[in-house]
Amino acid sequence: MGKWCGKIGYAETVEIEPGICEEQITERKHYGDVLSGRWMRQSSDKVNSDINLSNRISIIADPFAVQKCSSMMYIEYAGSKWKILDIEIDHPRLIINLGGVYNGEQA
């Protein structure tokens, strides 16, 4: 479908003081391909509907991405940060499925 270049946010738990841990987000730049580009509005009892992506992005599975794939939180795509729903390991690539807008901690 197309090429993609952007950042992925990784969550790490770090100890800021003895006994006190905090989640810290770090971003890394990745390259890949957009396998599908779909979006949908999810109606609810809210004033504005939520927008969810059903996109799949395939990135090169470098050693860092493979080791830390369980801590991937969001991906930058089309000017916004989107939640990562699941990751399929298809060596030498990781296929990432996106969901709704990410509103959590950011780098």
# chains A, B, ... in the order shown; residues from 1 in each chain; ligands from 1
$ select_by_dssp --residues "chain A" --states "alpha helix (DSSP H)" --output "ChimeraX atom specification"
/A:63-67
$ write_last_selection --atoms "N, CA, C and O atoms" --output "CSV table (one decimal), in the first residue's frame"
chain,number,residue,atom,x,y,z
A,63,PRO,N,16.6,-6.0,16.6
A,63,PRO,CA,16.7,-6.7,17.9
A,63,PRO,C,16.0,-5.9,19.1
A,63,PRO,O,15.4,-6.6,19.9
A,64,PHE,N,16.1,-4.6,19.1
A,64,PHE,CA,15.4,-3.8,20.1
A,64,PHE,C,13.9,-4.0,20.0
A,64,PHE,O,13.2,-4.2,21.0
A,65,ALA,N,13.3,-3.9,18.8
A,65,ALA,CA,11.9,-4.0,18.7
A,65,ALA,C,11.4,-5.4,19.0
A,65,ALA,O,10.3,-5.5,19.7
A,66,VAL,N,12.1,-6.4,18.7
A,66,VAL,CA,11.7,-7.8,19.1
A,66,VAL,C,11.8,-8.0,20.6
A,66,VAL,O,10.9,-8.6,21.2
A,67,GLN,N,12.8,-7.5,21.2
A,67,GLN,CA,13.0,-7.7,22.6
A,67,GLN,C,11.9,-6.9,23.4
A,67,GLN,O,11.5,-7.3,24.5
$ residues_around --residues "Cys5 of chain A" --least-positions-apart "6" --cutoff "10 Å" --atoms "only C-alpha atoms" --output "ChimeraX atom specification"
/A:29-34,59,76-77
$ write_last_selection --atoms "C-alpha atoms" --output "PDB file, in the first residue's frame"
ATOM      1  CA  LYS A  29      12.166   5.829  14.975  1.00  0.00           C
ATOM      2  CA  HIS A  30      11.172   2.905  12.753  1.00  0.00           C
ATOM      3  CA  TYR A  31      10.589   2.274   9.047  1.00  0.00           C
ATOM      4  CA  GLY A  32       8.066  -0.011   7.431  1.00  0.00           C
ATOM      5  CA  ASP A  33       5.099  -0.541   5.137  1.00  0.00           C
ATOM      6  CA  VAL A  34       1.397   0.215   5.541  1.00  0.00           C
ATOM      7  CA  ILE A  59       8.126  -2.770  10.513  1.00  0.00           C
ATOM      8  CA  GLU A  76       2.715   7.822  15.207  1.00  0.00           C
ATOM      9  CA  TYR A  77       0.701   7.653  12.006  1.00  0.00           C
TER      10      TYR A  77
END
$ closest_atom_pairs --of "segment 22-84 of chain A" --to "segment 10-14 of chain A" --cutoff "9 Å" --atoms "only C-alpha atoms" --output "Markdown table"
| residue | atom | partner | partner_atom | distance |
| --- | --- | --- | --- | --- |
| A:Glu22 | CA | A:Val14 | CA | 5.5 |
| A:Glu23 | CA | A:Thr13 | CA | 4.5 |
| A:Gln24 | CA | A:Glu12 | CA | 5.2 |
| A:Ile25 | CA | A:Ala11 | CA | 4.6 |
| A:Thr26 | CA | A:Tyr10 | CA | 5.3 |
| A:Glu27 | CA | A:Tyr10 | CA | 6.1 |
| A:Arg28 | CA | A:Tyr10 | CA | 7.9 |
| A:Lys68 | CA | A:Tyr10 | CA | 7.5 |
| A:Cys69 | CA | A:Tyr10 | CA | 8.2 |
| A:Ser70 | CA | A:Tyr10 | CA | 8.7 |
| A:Ser71 | CA | A:Ala11 | CA | 5.3 |
| A:Met72 | CA | A:Tyr10 | CA | 4.5 |
| A:Met73 | CA | A:Tyr10 | CA | 5.7 |
| A:Tyr74 | CA | A:Tyr10 | CA | 7.5 |
$ atom_distance --atom1 "atom CA of Asn55 of chain A" --atom2 "atom CA of Ala78 of chain A"
11.2 Å
$ closest_residue --among "A:Gly9, A:Ile87, A:Gly19, A:Ala107" --to "Arg56 of chain A" --atoms "only C-alpha atoms"
A:Ile87
$ residues_around --residues "segment 88-95 of chain A" --least-positions-apart "6" --cutoff "6 Å" --atoms "only C-alpha atoms" --output "list in words"
Ile57, Ser58, Ile59, Ile60 and Ala61 of chain A
$ select_by_dssp --residues "segment 11-96 of chain A" --states "strand (DSSP E)" --output "PyMOL selection string"
chain A and resi 11-17+20-36+39-42+50-53+56-60+72-77+80-90+93-96
$ closest_residue --among "A:Gly37, A:Ile84, A:Glu15, A:Lys3" --to "Asn97 of chain A" --atoms "only C-alpha atoms"
A:Ile84
$ atom_distance --atom1 "atom CA of Ser80 of chain A" --atom2 "atom CA of Lys7 of chain A"
10.7 Å
$ closest_residue --among "A:Asp62, A:Trp4, A:Ser54, A:Glu105" --to "Asp86 of chain A" --atoms "only C-alpha atoms"
A:Ser54
$ residues_around --residues "Asn103 of chain A" --least-positions-apart "5" --cutoff "10 Å" --atoms "only C-alpha atoms" --output "list in words"
Tyr74, Lys81, Trp82 and Lys83 of chain A
$ atom_distance --atom1 "atom CA of Gly6 of chain A" --atom2 "atom CA of Gly79 of chain A"
9.6 Å
